[in-house]
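Structure file model_28.cif (mmCIF, C-alpha atoms) follows.
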```cif
data_structure
#
loop_
_atom_site.label_atom_id
_atom_site.label_comp_id
_atom_site.auth_asym_id
_atom_site.auth_seq_id
_atom_site.Cartn_x
_atom_site.Cartn_y
_atom_site.Cartn_z
CA MET A 1117 87.64 145.05 155.64
CA GLY A 1118 90.61 147.00 156.97
CA GLN A 1119 90.99 150.70 157.48
CA ILE A 1120 93.83 152.56 155.79
CA CYS A 1121 95.00 156.03 156.80
CA ILE A 1122 97.42 158.29 154.90
CA LYS A 1123 98.93 161.20 156.83
CA ILE A 1124 101.41 163.92 156.00
CA LEU A 1125 103.31 165.03 159.10
CA ASP A 1126 105.74 167.91 159.60
CA GLY A 1127 109.07 167.76 161.40
CA GLN A 1128 107.35 168.08 164.78
CA MET A 1129 105.02 165.17 163.88
CA LYS A 1130 102.03 167.48 163.55
CA THR A 1131 99.43 166.46 160.98
CA LYS A 1132 99.35 168.60 157.82
CA ALA A 1133 96.85 166.43 155.92
CA VAL A 1134 95.01 163.16 156.46
CA SER A 1135 92.64 160.82 154.64
CA ARG A 1136 91.03 157.55 155.78
CA GLY A 1137 89.05 154.81 154.11
CA GLU A 1138 88.20 151.13 154.00
CA ASN A 1139 90.63 149.21 151.78
CA GLU A 1140 91.31 152.18 149.44
CA VAL A 1141 92.39 155.76 150.11
CA ASN A 1142 93.23 158.87 148.08
CA LEU A 1143 94.87 161.90 149.67
CA VAL A 1144 95.16 165.15 147.71
CA TYR A 1145 97.64 167.52 149.34
CA SER A 1146 97.80 171.13 148.19
CA GLY A 1147 101.05 172.66 149.35
CA ALA A 1148 104.81 172.42 148.96
CA TYR A 1149 106.65 169.88 151.07
CA ARG A 1150 109.13 171.13 153.66
CA GLU A 1151 112.26 169.48 155.00
CA GLY A 1152 111.33 167.17 157.85
CA ASP A 1153 107.95 166.24 156.38
CA ARG A 1154 107.06 162.58 156.23
CA ILE A 1155 104.30 160.39 154.82
CA CYS A 1156 102.74 157.83 157.13
CA VAL A 1157 100.57 154.95 155.94
CA GLU A 1158 98.69 153.35 158.81
CA ILE A 1159 97.10 149.97 158.13
CA GLU A 1160 94.69 147.95 160.21
CA GLU A 1161 95.53 144.68 158.45
CA LYS A 1162 99.25 143.88 158.81
CA ASN A 1163 101.27 141.34 156.83
CA HIS A 1164 99.39 141.99 153.63
CA PHE A 1165 99.96 143.40 150.15
CA TYR A 1166 99.10 147.00 149.36
CA VAL A 1167 99.30 149.02 146.17
CA VAL A 1168 101.23 152.14 147.19
CA GLN A 1169 101.71 155.48 145.44
CA LEU A 1170 103.40 158.04 147.70
CA ASP A 1171 103.46 160.63 144.90
CA ASP A 1172 101.72 160.79 141.54
CA ALA A 1173 105.09 161.32 139.81
CA GLY A 1174 106.42 158.04 141.18
CA GLY A 1175 103.91 155.46 140.03
CA LYS A 1176 102.32 152.58 141.91
CA ALA A 1177 104.02 149.50 143.37
CA MET A 1178 102.66 146.45 145.18
CA LEU A 1179 104.39 146.21 148.55
CA TYR A 1180 104.16 143.73 151.39
CA LEU A 1181 103.57 145.71 154.59
CA THR A 1182 104.24 144.06 157.92
CA ASP A 1183 103.33 147.22 159.83
CA ASN A 1184 102.67 150.92 159.34
CA LEU A 1185 104.92 152.68 156.82
CA SER A 1186 106.78 155.88 157.68
CA TYR A 1187 108.52 157.57 154.74
CA LEU A 1188 110.77 160.58 155.34
CA LEU A 1189 110.63 162.90 152.34
CA PRO A 1190 114.08 163.36 150.76
CA PHE A 1191 115.67 166.79 150.42
CA GLY A 1192 119.03 168.09 149.21
CA GLU A 1193 121.56 165.35 148.48
CA LYS A 1194 119.06 162.69 149.51
CA ARG A 1195 116.82 163.37 146.51
CA VAL A 1196 119.29 163.54 143.60
CA ASN A 1197 118.75 159.82 142.97
CA ARG A 1198 115.04 160.54 142.36
CA SER A 1199 113.23 162.12 139.46
CA PRO A 1200 113.16 165.93 139.91
CA LYS A 1201 109.39 165.73 139.40
CA LEU A 1202 108.96 163.54 142.48
CA PHE A 1203 107.48 165.38 145.50
CA SER A 1204 107.84 168.73 143.68
CA GLY A 1205 105.24 171.46 143.20
CA GLU A 1206 102.20 172.33 145.29
CA LYS A 1207 99.70 169.62 144.45
CA HIS A 1208 100.21 165.94 145.20
CA LEU A 1209 98.10 162.79 144.89
CA LEU A 1210 98.83 159.92 147.27
CA TYR A 1211 97.08 156.59 146.96
CA VAL A 1212 97.02 153.30 148.88
CA ARG A 1213 94.73 150.30 148.60
CA LYS A 1214 94.70 146.72 149.72
CA ALA A 1215 95.88 144.50 146.85
CA ARG A 1216 93.44 142.03 145.37
CA ASP A 1217 94.23 138.31 145.50
CA PHE A 1218 94.51 138.00 141.71
CA GLU A 1219 97.21 140.70 141.71
CA VAL A 1220 99.35 138.82 144.20
CA VAL A 1221 99.25 135.36 142.59
CA PRO A 1222 101.01 135.88 139.21
CA TYR A 1223 104.64 135.20 138.40
CA ARG A 1224 106.33 138.61 138.60
CA ASN A 1225 109.37 140.61 139.61
CA LEU A 1226 109.43 140.23 143.39
CA ALA A 1227 112.21 142.81 143.85
CA TYR A 1228 110.53 146.02 142.62
CA ASN A 1229 110.09 148.82 145.16
CA PRO A 1230 110.52 152.45 144.04
CA TRP A 1231 109.60 153.61 147.57
CA ASP A 1232 112.43 151.88 149.44
CA GLN A 1233 114.49 153.77 152.04
CA HIS A 1234 117.30 152.98 154.46
CA GLU A 1235 114.96 153.26 157.46
CA ASN A 1236 112.45 150.70 156.26
CA PRO A 1237 111.55 147.99 158.77
CA SER A 1238 108.05 147.28 157.48
CA ALA A 1239 107.80 147.62 153.65
CA PHE A 1240 109.11 144.90 151.35
CA PRO A 1241 111.01 144.21 149.18
CA HIS A 1242 113.87 146.05 150.88
CA ALA A 1243 117.48 146.41 149.70
CA SER A 1244 120.46 146.96 152.00
CA ALA A 1245 124.24 146.65 151.67
CA ASN A 1246 127.41 146.59 153.72
CA VAL A 1247 128.77 149.55 151.75
CA GLU A 1248 127.43 152.46 149.68
CA THR A 1249 130.00 154.72 148.05
CA ARG A 1250 130.66 157.72 150.34
CA GLY A 1251 127.15 157.31 151.75
CA GLU A 1252 125.75 159.20 148.76
CA SER A 1253 122.16 158.65 147.67
CA VAL A 1254 123.17 158.08 144.03
CA PHE A 1255 125.07 154.95 145.15
CA ALA A 1256 122.54 153.58 147.66
CA ALA A 1257 121.34 149.97 147.66
CA MET A 1258 117.73 151.11 147.18
CA ASN A 1259 118.63 152.26 143.67
CA ALA A 1260 119.01 148.64 142.60
CA ILE A 1261 115.29 147.90 143.01
CA ASP A 1262 113.69 151.17 141.86
CA GLY A 1263 112.93 149.97 138.32
CA VAL A 1264 115.26 152.46 136.57
CA LYS A 1265 117.69 150.73 134.21
CA ALA A 1266 119.64 153.54 132.51
CA ALA A 1267 123.20 152.20 132.61
CA SER A 1268 125.29 154.37 130.28
CA CYS A 1269 126.37 156.98 132.85
CA HIS A 1270 126.70 157.43 136.61
CA GLY A 1271 125.50 159.96 139.17
CA GLU A 1272 122.21 161.81 139.47
CA TRP A 1273 118.86 160.38 138.31
CA PRO A 1274 118.31 158.50 136.04
CA TYR A 1275 121.85 157.13 136.42
CA GLN A 1276 121.72 156.13 140.09
CA SER A 1277 123.18 152.74 141.01
CA TRP A 1278 124.52 150.69 143.89
CA GLY A 1279 128.19 151.68 144.30
CA ILE A 1280 130.62 149.64 146.38
CA ASN A 1281 133.41 152.16 147.13
CA GLN A 1282 136.00 149.65 145.83
CA ARG A 1283 135.22 147.19 148.65
CA ALA A 1284 136.34 143.67 147.81
CA ASP A 1285 133.81 142.20 150.27
CA ALA A 1286 130.83 144.27 149.10
CA LEU A 1287 127.43 142.58 149.25
CA LEU A 1288 123.85 143.56 148.59
CA ARG A 1289 120.99 141.96 150.50
CA LEU A 1290 117.41 141.77 149.31
CA ASP A 1291 114.74 140.99 151.92
CA PHE A 1292 111.22 139.95 150.89
CA GLY A 1293 109.60 140.08 154.34
CA ARG A 1294 107.92 136.69 153.85
CA LYS A 1295 108.56 133.39 152.03
CA VAL A 1296 108.59 133.52 148.24
CA VAL A 1297 109.48 131.03 145.51
CA ALA A 1298 112.07 132.34 143.04
CA ASP A 1299 113.68 130.82 139.93
CA ARG A 1300 115.11 133.72 137.91
CA ILE A 1301 117.42 136.71 138.43
CA ILE A 1302 118.09 139.50 135.95
CA LEU A 1303 121.02 141.87 136.55
CA TYR A 1304 121.86 145.20 134.96
CA THR A 1305 125.41 146.38 135.64
CA ARG A 1306 126.57 149.94 135.02
CA ALA A 1307 128.26 150.49 131.67
CA ASP A 1308 129.75 153.99 131.78
CA TYR A 1309 132.92 152.87 130.05
CA PRO A 1310 135.82 153.65 130.38
CA HIS A 1311 134.93 155.15 133.76
CA ASP A 1312 133.43 151.84 134.86
CA ASN A 1313 134.73 148.36 135.34
CA TRP A 1314 132.45 145.33 135.40
CA TRP A 1315 132.04 142.12 137.37
CA LYS A 1316 132.95 138.90 135.62
CA GLN A 1317 131.69 136.70 138.45
CA ALA A 1318 129.23 136.94 141.32
CA THR A 1319 127.60 134.60 143.83
CA VAL A 1320 123.98 134.61 144.96
CA VAL A 1321 123.47 133.20 148.47
CA PHE A 1322 119.90 132.26 149.42
CA SER A 1323 118.25 132.13 152.85
CA ASP A 1324 117.79 128.35 152.52
CA GLY A 1325 121.58 127.93 152.65
CA SER A 1326 122.07 127.25 148.94
CA GLU A 1327 123.98 129.39 146.48
CA ILE A 1328 124.63 129.77 142.76
CA GLY A 1329 127.55 131.23 140.83
CA LEU A 1330 126.98 133.73 138.04
CA GLU A 1331 129.18 134.43 135.04
CA LEU A 1332 128.73 138.05 133.94
CA LYS A 1333 129.53 139.93 130.76
CA LYS A 1334 130.77 143.44 130.06
CA THR A 1335 127.42 145.02 129.16
CA GLY A 1336 124.74 147.34 130.47
CA GLU A 1337 122.01 145.14 129.01
CA ALA A 1338 119.97 142.55 130.89
CA GLN A 1339 121.84 139.43 132.06
CA GLU A 1340 119.39 136.67 132.89
CA TYR A 1341 119.97 133.60 135.07
CA VAL A 1342 117.44 130.79 135.50
CA PHE A 1343 117.80 128.27 138.33
CA GLU A 1344 115.84 125.60 140.15
CA GLU A 1345 112.98 126.97 142.25
CA ARG A 1346 113.89 127.92 145.80
CA GLU A 1347 111.64 128.94 148.69
CA ILE A 1348 113.45 131.85 150.30
CA GLN A 1349 112.98 134.91 152.50
CA TRP A 1350 116.08 136.79 151.36
CA LEU A 1351 119.09 136.58 149.08
CA GLN A 1352 122.50 138.20 148.92
CA LEU A 1353 124.61 139.18 145.91
CA GLU A 1354 128.22 138.81 147.01
CA ARG A 1355 131.76 137.62 146.14
CA LEU A 1356 131.85 140.11 143.30
CA ILE A 1357 134.93 139.67 141.11
CA LYS A 1358 135.69 142.49 138.68
CA GLY A 1359 137.22 142.15 135.24
CA GLU A 1360 141.01 142.29 135.29
CA GLU A 1361 141.60 143.69 131.82
CA ASP A 1362 139.99 147.05 132.62
CA GLY A 1363 141.93 149.46 134.82
CA SER A 1364 138.89 151.14 136.39
CA PRO A 1365 138.11 150.31 140.04
CA PHE A 1366 134.42 151.25 139.67
CA PRO A 1367 131.95 148.44 138.93
CA ALA A 1368 128.36 149.10 140.01
CA LEU A 1369 124.90 147.54 139.92
CA VAL A 1370 122.05 149.39 138.24
CA GLN A 1371 119.23 146.91 138.88
CA ILE A 1372 118.42 143.46 140.22
CA GLU A 1373 115.15 141.73 139.35
CA VAL A 1374 114.07 138.52 141.05
CA TYR A 1375 111.23 136.63 139.40
CA GLY A 1376 108.94 134.15 141.04
CA ARG A 1377 105.68 133.80 142.96
CA GLU A 1378 104.27 133.73 146.44
CA SER A 1379 104.92 130.65 148.57
CA GLU A 1380 101.82 128.54 149.13
#
```
Output the file's structure in the form of structure tokens.
Amino acid sequence: MGQICIKILDGQMKTKAVSRGENEVNLVYSGAYREGDRICVEIEEKNHFYVVQLDDAGGKAMLYLTDNLSYLLPFGEKRVNRSPKLFSGEKHLLYVRKARDFEVVPYRNLAYNPWDQHENPSAFPHASANVETRGESVFAAMNAIDGVKAASCHGEWPYQSWGINQRADALLRLDFGRKVVADRIILYTRADYPHDNWWKQATVVFSDGSEIGLELKKTGEAQEYVFEEREIQWLQLERLIKGEEDGSPFPALVQIEVYGRESE
């Protein structure tokens, strides 16, 4: 048994609402969020899987938490890559529970995390990059693992993506926070043609030192790559080569899915 605590704190770190429980917690918050508010999930049992819902408009995701989670609520430009329903209104349902063993075992997408943020040292999977176009939220690395796959436009939700600001050395890193076994990657590249270009080649570098080359097509639909199982803790998508026949300098990644299972 492990205690879980959900808190809503204001900008001065004063508690606005709190709920505690053993292994499973609901927090109903009646009130509008203010800039500076944050959600804190405190866990007694670290390095474990938890089913997390930070807002009822955002759905649930199974995350691997190595420590307590602190989530700064987005406002202004920082929320245009999110559904306008998320964190809006004056009644909110937050939910966290310890994941059951049978939920962790299956073959699944190991890259899904709709609650990712830049400042995220304890919740996995976590996406980061060496460049995000103009530092705008609609081009942040976190967009590539949020589960949204609308690829026919660019900009505000639901057309957020990872944008590379025309960097030839752009790379995206996906950390899992523990060892996993992966054998499949599915990519969705942005297809807002003729505004967009596309990548014809990419390289995936794994934490075990191996790498694979990918041949990509000009499409916004799923591009699937199956490879020999690898036990890894992270991977990087890099050496992105755009198509030469299109004049646009703007390729972008909508989503990356990594399929596999937990390491034994």
(request) Using the chain letters and numbers from the file, give me the residues hit by the PyMOL selection byres ((chain A and resi 1139-1142) around 9), as a VMD selection string. (result) chain A and resid 1117 to 1122 1135 to 1138 1143 to 1144 1209 to 1215
Rank nothing, just name the residue among A:Phe1292, A:Phe1191, A:Trp1278, A:Tyr1166 nearest to Asp1153 (chain A), using all atoms listed in the file.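 Result for the nearest residue to Asp1153 (chain A): A:Phe1191.
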Pick from A:Ser1323, A:Ser1238, A:Gln1371, A:Ser1204, whichever lies nearest to Leu1189 (chain A) using only C-alpha atoms =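 Looking only at the distances to Leu1189 (chain A), the closest residue turns out to be A:Ser1204.
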Kindly assemble as a Markdown table a list of the region 1239-1322 of chain A residues that lie within 9 Å of region 1344-1353 of chain A, each paired with its nearest atom pair and their distance in Å to one decimal, using all atoms listed in the file, sorted first by chain and then by ascending residue number.
```
| residue | atom | partner | partner_atom | distance |
| --- | --- | --- | --- | --- |
| A:Ala1286 | CA | A:Leu1353 | CA | 8.6 |
| A:Leu1287 | CA | A:Leu1353 | CA | 5.5 |
| A:Leu1288 | CA | A:Leu1353 | CA | 5.2 |
| A:Arg1289 | CA | A:Gln1352 | CA | 4.3 |
| A:Leu1290 | CA | A:Leu1351 | CA | 5.5 |
| A:Asp1291 | CA | A:Trp1350 | CA | 4.4 |
| A:Phe1292 | CA | A:Gln1349 | CA | 5.6 |
| A:Gly1293 | CA | A:Gln1349 | CA | 6.4 |
| A:Arg1294 | CA | A:Gln1349 | CA | 5.5 |
| A:Lys1295 | CA | A:Gln1349 | CA | 4.7 |
| A:Val1296 | CA | A:Glu1347 | CA | 5.5 |
| A:Val1297 | CA | A:Glu1347 | CA | 4.4 |
| A:Ala1298 | CA | A:Glu1345 | CA | 5.5 |
| A:Asp1299 | CA | A:Glu1345 | CA | 4.5 |
| A:Arg1300 | CA | A:Glu1345 | CA | 8.3 |
| A:Ala1318 | CA | A:Leu1353 | CA | 6.9 |
| A:Thr1319 | CA | A:Leu1353 | CA | 5.9 |
| A:Val1320 | CA | A:Leu1353 | CA | 4.7 |
| A:Val1321 | CA | A:Gln1352 | CA | 5.1 |
| A:Phe1322 | CA | A:Leu1351 | CA | 4.4 |
```
Any chance you could export the current selection's C-alpha atoms as a PDB file, in the frame of the given file?
```
ATOM      1  CA  ALA A1286     130.830 144.270 149.100  1.00  0.00           C
ATOM      2  CA  LEU A1287     127.430 142.580 149.250  1.00  0.00           C
ATOM      3  CA  LEU A1288     123.850 143.560 148.590  1.00  0.00           C
ATOM      4  CA  ARG A1289     120.990 141.960 150.500  1.00  0.00           C
ATOM      5  CA  LEU A1290     117.410 141.770 149.310  1.00  0.00           C
ATOM      6  CA  ASP A1291     114.740 140.990 151.920  1.00  0.00           C
ATOM      7  CA  PHE A1292     111.220 139.950 150.890  1.00  0.00           C
ATOM      8  CA  GLY A1293     109.600 140.080 154.340  1.00  0.00           C
ATOM      9  CA  ARG A1294     107.920 136.690 153.850  1.00  0.00           C
ATOM     10  CA  LYS A1295     108.560 133.390 152.030  1.00  0.00           C
ATOM     11  CA  VAL A1296     108.590 133.520 148.240  1.00  0.00           C
ATOM     12  CA  VAL A1297     109.480 131.030 145.510  1.00  0.00           C
ATOM     13  CA  ALA A1298     112.070 132.340 143.040  1.00  0.00           C
ATOM     14  CA  ASP A1299     113.680 130.820 139.930  1.00  0.00           C
ATOM     15  CA  ARG A1300     115.110 133.720 137.910  1.00  0.00           C
ATOM     16  CA  ALA A1318     129.230 136.940 141.320  1.00  0.00           C
ATOM     17  CA  THR A1319     127.600 134.600 143.830  1.00  0.00           C
ATOM     18  CA  VAL A1320     123.980 134.610 144.960  1.00  0.00           C
ATOM     19  CA  VAL A1321     123.470 133.200 148.470  1.00  0.00           C
ATOM     20  CA  PHE A1322     119.900 132.260 149.420  1.00  0.00           C
TER      21      PHE A1322
END
```
Evaluate the PyMOL selection byres ((chain A and resi 1208) around 9) and record the selected residues as a list in words, following the chain and residue labels used in the document.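 Residues picked by the PyMOL selection byres ((chain A and resi 1208) around 9): Leu1143, Val1144, Tyr1145, Ser1146, Gly1147, Ala1148, Leu1170, Asp1171, Asp1172, Ala1173, Phe1203, Ser1204, Gly1205, Glu1206, Lys1207, Leu1209 and Leu1210 of chain A.
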What do you get, as a ChimeraX atom specification, if you spell out every residue that the PyMOL selection byres ((chain A and resi 1266) around 10) selects here?
/A:1263-1265,1267-1270,1273-1277,1304-1307,1336-1337,1370-1371
For Tyr1228 (chain A), which residue among A:Pro1241, A:Pro1310, A:Gly1363, A:Gly1251 is the nearest when counting only C-alpha atoms?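 Of all the options, A:Pro1241 lies closest to Tyr1228 (chain A).
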Closest of A:Tyr1309, A:Asn1163, A:Leu1185, A:Ile1357 to Gly1329 (chain A), counting all atoms listed in the file, is A:Ile1357
Which of these residues is nearest to Glu1158 (chain A), using only C-alpha atoms: A:Ala1245, A:Ala1239, A:Ala1177, A:Ala1227?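 Once distances to Glu1158 (chain A) are computed over only C-alpha atoms, the minimum belongs to A:Ala1239.
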Pairwise distance, CA of Gln1169 (chain A) with CA of Glu1235 (chain A), equals 18.0 Å
In Å and to one decimal, CA of Phe1240 (chain A) is distant from CA of Ile1328 (chain A) by 23.3 Å
If you count only C-alpha atoms, the residue of A:Lys1176, A:Lys1132, A:Thr1182, A:Glu1331 closest to Glu1161 (chain A) turns out to be A:Thr1182
Region 1317-1321 of chain A: axis-aligned bounding box, 4 Å on each side, centre and edge lengths in Å, one decimal, as JSON:
```
{"center_x": 127.6, "center_y": 135.1, "center_z": 143.5, "size_x": 16.2, "size_y": 11.7, "size_z": 18.0}
```
re CA of Trp1314 (chain A) and CA of Leu1356 (chain A): distance 9.5 Å
How about completing region 1313-1324 of chain A with all heavy atoms and giving it to me as a compact mmCIF listing (two decimals), keeping the file's coordinate frame?
```txt
# COMPACT_ATOMS: atom_id res chain seq x y z
N ASN A 1313 134.32 149.74 135.54
CA ASN A 1313 134.73 148.36 135.34
C ASN A 1313 133.46 147.52 135.32
O ASN A 1313 132.35 148.06 135.27
CB ASN A 1313 135.68 147.91 136.46
CG ASN A 1313 136.57 146.75 136.05
OD1 ASN A 1313 136.16 145.84 135.35
ND2 ASN A 1313 137.83 146.78 136.51
N TRP A 1314 133.61 146.23 135.40
CA TRP A 1314 132.45 145.33 135.40
C TRP A 1314 132.81 144.10 136.21
O TRP A 1314 133.99 143.84 136.48
CB TRP A 1314 132.07 144.94 133.96
CG TRP A 1314 133.20 144.29 133.19
CD1 TRP A 1314 134.33 144.88 132.69
CD2 TRP A 1314 133.33 142.90 132.87
NE1 TRP A 1314 135.14 143.97 132.08
CE2 TRP A 1314 134.56 142.74 132.16
CE3 TRP A 1314 132.53 141.78 133.09
CZ2 TRP A 1314 135.00 141.51 131.69
CZ3 TRP A 1314 132.97 140.56 132.62
CH2 TRP A 1314 134.19 140.43 131.92
N TRP A 1315 131.80 143.37 136.65
CA TRP A 1315 132.04 142.12 137.37
C TRP A 1315 131.98 140.95 136.39
O TRP A 1315 131.03 140.83 135.62
CB TRP A 1315 131.00 141.91 138.45
CG TRP A 1315 131.11 142.90 139.57
CD1 TRP A 1315 132.21 143.15 140.34
CD2 TRP A 1315 130.09 143.78 140.04
NE1 TRP A 1315 131.93 144.11 141.27
CE2 TRP A 1315 130.64 144.52 141.11
CE3 TRP A 1315 128.76 144.00 139.69
CZ2 TRP A 1315 129.92 145.48 141.81
CZ3 TRP A 1315 128.02 144.94 140.38
CH2 TRP A 1315 128.61 145.68 141.43
N LYS A 1316 132.96 140.10 136.47
CA LYS A 1316 132.95 138.90 135.62
C LYS A 1316 132.33 137.71 136.34
O LYS A 1316 131.86 136.77 135.70
CB LYS A 1316 134.36 138.56 135.13
CG LYS A 1316 135.36 138.20 136.22
CD LYS A 1316 136.72 137.89 135.62
CE LYS A 1316 137.73 137.49 136.70
NZ LYS A 1316 139.07 137.18 136.11
N GLN A 1317 132.30 137.77 137.67
CA GLN A 1317 131.69 136.70 138.45
C GLN A 1317 130.98 137.27 139.67
O GLN A 1317 131.38 138.32 140.20
CB GLN A 1317 132.74 135.68 138.92
CG GLN A 1317 133.37 134.86 137.81
CD GLN A 1317 134.42 133.89 138.34
OE1 GLN A 1317 134.92 134.05 139.45
NE2 GLN A 1317 134.72 132.88 137.56
N ALA A 1318 129.94 136.58 140.10
CA ALA A 1318 129.23 136.94 141.32
C ALA A 1318 128.61 135.67 141.89
O ALA A 1318 128.44 134.66 141.19
CB ALA A 1318 128.16 137.97 141.04
N THR A 1319 128.25 135.72 143.16
CA THR A 1319 127.60 134.60 143.83
C THR A 1319 126.31 135.09 144.47
O THR A 1319 126.28 136.15 145.10
CB THR A 1319 128.51 133.98 144.90
OG1 THR A 1319 129.72 133.52 144.29
CG2 THR A 1319 127.82 132.82 145.60
N VAL A 1320 125.25 134.31 144.29
CA VAL A 1320 123.98 134.61 144.96
C VAL A 1320 123.81 133.57 146.07
O VAL A 1320 123.81 132.36 145.82
CB VAL A 1320 122.79 134.54 143.99
CG1 VAL A 1320 121.49 134.84 144.74
CG2 VAL A 1320 122.98 135.52 142.85
N VAL A 1321 123.68 134.05 147.31
CA VAL A 1321 123.47 133.20 148.47
C VAL A 1321 122.01 133.36 148.90
O VAL A 1321 121.52 134.49 149.06
CB VAL A 1321 124.41 133.58 149.62
CG1 VAL A 1321 124.11 132.74 150.86
CG2 VAL A 1321 125.86 133.40 149.19
N PHE A 1322 121.32 132.25 149.08
CA PHE A 1322 119.90 132.26 149.42
C PHE A 1322 119.70 131.94 150.90
O PHE A 1322 120.54 131.30 151.54
CB PHE A 1322 119.14 131.24 148.57
CG PHE A 1322 119.22 131.51 147.10
CD1 PHE A 1322 120.16 130.86 146.31
CD2 PHE A 1322 118.35 132.41 146.50
CE1 PHE A 1322 120.22 131.08 144.94
CE2 PHE A 1322 118.41 132.65 145.13
CZ PHE A 1322 119.36 131.99 144.35
N SER A 1323 118.54 132.34 151.43
CA SER A 1323 118.25 132.13 152.85
C SER A 1323 118.11 130.66 153.21
O SER A 1323 118.21 130.30 154.39
CB SER A 1323 116.98 132.88 153.24
OG SER A 1323 115.86 132.42 152.49
N ASP A 1324 117.90 129.78 152.23
CA ASP A 1324 117.79 128.35 152.52
C ASP A 1324 119.15 127.68 152.65
O ASP A 1324 119.25 126.47 152.84
CB ASP A 1324 116.95 127.64 151.45
CG ASP A 1324 117.60 127.62 150.08
OD1 ASP A 1324 118.69 128.24 149.91
OD2 ASP A 1324 117.03 127.01 149.16
```
